[in-house]
Every structure is written in C-alpha cells, then in structure tokens.
Amino acid sequence: MGGLKLVFGIGNPGFRYRKTRHNVGFMVVDELARRCGVRVKKRFCESVIGEGEADGGVGVVIAKPLTYVNRCGGEYAGLLREYDLMLEEGLVVCDDIALPLGRIRVRRGGSSGGHNGLESIIEEVGTREFPRLRVGIGEVVGDGVDFVLSRFNKGERGAIAGAIGRAAEAAVVWARYGIDEAMNCYNRSGQDTERESRRNAID
C-alpha cells in the first residue's frame, strides 16, 4: 500500500474537553504522532496537522479538527481535497459507546451509530463508506451527553491506555498494509458482545 494517508481524530478542542471519553480520537492520533515523531502543530483551516512517516516509510498526515465534534465533517472533506486523497486513503478515529471499554474495531464503513462526528463526515462526503477506527469507551451510565464528556475513572485508565496504544498500531497497519490487514489483526469478532453484534447487523 503506497501513497500518502490521512489519519483524522475526532474530538472537541480546548482544555475543558481534554482527556474526556469523546476525545479518544484525539488521544489516539496524539499517540500515533508520538510514535511517528510528528508534531501536530501546523494550522490548516480549522484543523491542526502534522506530516511525517509511519513505520515502513508510509507518508501520513495526522490531523485534529479545531471545530467541535458535530462540525468536523467539513474539515475532513477539506483535508482530503487539499491532499488529493480518495476516501479509502483516509482513516477516521473516534470513540464508540457500543463497544466495550478498551475494545477497538476497524471498519470499511457503516452508519454513524448516533455519533455526531461520523454523521457530520457522512453529510460532507456524501457516503457512509469510508474507513474508520472505533475505540470502545464503555456503555453509557446516566445521561449520554454527560457520559461522553466525562473523564475515565481510575479503574478504567489502564484499559483505555491499552486501547489507545493498540489503535495507534492499527492505524500504522492500515496505512502500510491496507484495511483488510488491519481488520484481520485488530478485530476480534468472535468476542463481540450481543449488543455489538446486533448493531453490526444493521450497519
């Protein structure tokens, strides 16, 4: 798999939202940037980006939008246009309440599953068929908005740290070898929960 790849983390900007569940996409791309030796500092429209190489010499653009989650689609579409990339050359990284805490899943496409960031991207690119990497943040407790904007508690931090590391690895595998290899390496369908299996059936 040659050519440039875009890895786009979904999250909310600002210190208030730092380390919240909804910002797992940012945490993953930050870890990916650390591993690639990339500084995600360059301003492009309403995003910050960094350019470098993943393992194997694959060129990557790592991006975090400065818009809020529900408006990130325009930034993703703009970056694809700026770098003349096709949809399959971009990977969207986001949180997912339908996956158990610490699980990750690579998908070719699918519905937004109620995620406002994915919905914004679907609206902007005109299709729901684009690669995404979902990171489980656990089942909602209490109010949904309050839950996704909360921080992980002490007992959850080990699981989410491991998931962030695996997700960064999965992004590298995707960039270097393609989505099939990433899915084969990081999806554990045999251990899907009943809830996730039901959702996958309608995605």
# chains A, B, ... in the order shown; residues from 1 in each chain; ligands from 1

call {"tool": "select_by_dssp", "arguments": {"residues": "range 10-190 of chain A", "states": "alpha helix (DSSP H)", "output": "PyMOL selection string"}}
result
chain A and resi 24-36+73-82+116-125+144-148+157-177+179-186

call {"tool": "closest_atom_pairs", "arguments": {"of": "range 114-202 of chain A", "to": "range 49-70 of chain A", "cutoff": "7 Å", "atoms": "only C-alpha atoms", "output": "Markdown table"}}
result
| residue | atom | partner | partner_atom | distance |
| --- | --- | --- | --- | --- |
| A:Asn116 | CA | A:Asn70 | CA | 4.9 |
| A:Gly117 | CA | A:Val69 | CA | 4.8 |
| A:Ser120 | CA | A:Asn70 | CA | 5.8 |
| A:Val172 | CA | A:Ala54 | CA | 6.2 |
| A:Ala175 | CA | A:Val58 | CA | 6.8 |
| A:Arg176 | CA | A:Val58 | CA | 6.1 |

call {"tool": "closest_residue", "arguments": {"among": "A:Val173, A:Leu32, A:Ala77, A:Ile164", "to": "Gly90 in chain A", "atoms": "only C-alpha atoms"}}
result
A:Ala77

call {"tool": "select_by_dssp", "arguments": {"residues": "range 34-126 of chain A", "states": "strand (DSSP E)", "output": "list in words"}}
result
Lys42, Arg43, Phe44, Ser47, Val48, Ile49, Gly50, Glu51, Gly52, Glu53, Gly59, Val60, Val61, Ile62, Ala63, Lys64, Pro65, Gly90, Leu91, Val92, Val93, Cys94, Asp95, Asp96, Ile104, Arg105, Val106 and Arg107 of chain A

call {"tool": "closest_residue", "arguments": {"among": "A:Gly142, A:Gly178, A:Gly136, A:Gly25", "to": "Gly9 in chain A", "atoms": "only C-alpha atoms"}}
result
A:Gly25

call {"tool": "atom_distance", "arguments": {"atom1": "CA of Glu119 in chain A", "atom2": "CA of Gly73 in chain A"}}
result
7.9 Å

call {"tool": "residues_around", "arguments": {"residues": "Asp96 in chain A", "least_positions_apart": "4", "cutoff": "8 Å", "atoms": "only C-alpha atoms", "output": "NGL selection string"}}
result
:A and (115 or 134-138)

call {"tool": "write_last_selection", "arguments": {"atoms": "N, CA and C atoms", "output": "mmCIF file, in the first residue's frame"}}
result
data_model
loop_
_atom_site.group_PDB
_atom_site.id
_atom_site.type_symbol
_atom_site.label_atom_id
_atom_site.label_comp_id
_atom_site.auth_asym_id
_atom_site.auth_seq_id
_atom_site.Cartn_x
_atom_site.Cartn_y
_atom_site.Cartn_z
ATOM 1 N N HIS A 115 -23.171 8.723 16.383
ATOM 2 C CA HIS A 115 -22.010 9.569 16.682
ATOM 3 C C HIS A 115 -22.075 10.824 15.813
ATOM 4 N N ARG A 134 -12.804 2.594 15.486
ATOM 5 C CA ARG A 134 -13.624 2.903 16.646
ATOM 6 C C ARG A 134 -12.973 2.366 17.913
ATOM 7 N N VAL A 135 -13.036 3.150 18.971
ATOM 8 C CA VAL A 135 -12.454 2.769 20.263
ATOM 9 C C VAL A 135 -13.558 2.756 21.309
ATOM 10 N N GLY A 136 -13.738 1.622 21.963
ATOM 11 C CA GLY A 136 -14.797 1.495 22.947
ATOM 12 C C GLY A 136 -14.534 2.287 24.213
ATOM 13 N N ILE A 137 -15.532 3.083 24.603
ATOM 14 C CA ILE A 137 -15.401 3.891 25.822
ATOM 15 C C ILE A 137 -16.340 3.401 26.915
ATOM 16 N N GLY A 138 -17.029 2.277 26.673
ATOM 17 C CA GLY A 138 -17.921 1.721 27.681
ATOM 18 C C GLY A 138 -19.367 2.114 27.470
#

call {"tool": "residues_around", "arguments": {"residues": "Leu133 in chain A", "least_positions_apart": "6", "cutoff": "6 Å", "atoms": "only C-alpha atoms", "output": "list of chain:residue names"}}
result
A:Val93, A:Arg105, A:Val106

call {"tool": "write_last_selection", "arguments": {"atoms": "N, CA and C atoms", "output": "PDB file, in the first residue's frame"}}
result
ATOM      1  N   VAL A  93     -10.783   8.286  13.250  1.00  0.00           N
ATOM      2  CA  VAL A  93     -10.649   7.632  14.559  1.00  0.00           C
ATOM      3  C   VAL A  93     -11.615   8.295  15.539  1.00  0.00           C
ATOM      4  N   ARG A 105     -12.091  -1.471  16.943  1.00  0.00           N
ATOM      5  CA  ARG A 105     -12.642  -2.145  15.772  1.00  0.00           C
ATOM      6  C   ARG A 105     -12.398  -1.285  14.536  1.00  0.00           C
ATOM      7  N   VAL A 106     -11.860  -1.899  13.492  1.00  0.00           N
ATOM      8  CA  VAL A 106     -11.630  -1.235  12.209  1.00  0.00           C
ATOM      9  C   VAL A 106     -12.772  -1.617  11.282  1.00  0.00           C
TER      10      VAL A 106
END

call {"tool": "closest_residue", "arguments": {"among": "A:Lys5, A:Lys19, A:Arg71, A:Arg34", "to": "Ile122 in chain A", "atoms": "only C-alpha atoms"}}
result
A:Arg71

call {"tool": "closest_residue", "arguments": {"among": "A:Arg103, A:Arg151, A:Arg166, A:Arg188", "to": "Val29 in chain A", "atoms": "only C-alpha atoms"}}
result
A:Arg166

call {"tool": "residues_around", "arguments": {"residues": "Arg157 in chain A", "least_positions_apart": "5", "cutoff": "10 Å", "atoms": "only C-alpha atoms", "output": "list in words"}}
result
Leu101, Gly102, Arg151, Phe152, Gly162 and Ala163 of chain A

call {"tool": "atom_distance", "arguments": {"atom1": "CA of Tyr186 in chain A", "atom2": "CA of Leu87 in chain A"}}
result
20.9 Å

call {"tool": "atom_distance", "arguments": {"atom1": "CA of Gly155 in chain A", "atom2": "CA of Cys94 in chain A"}}
result
21.4 Å
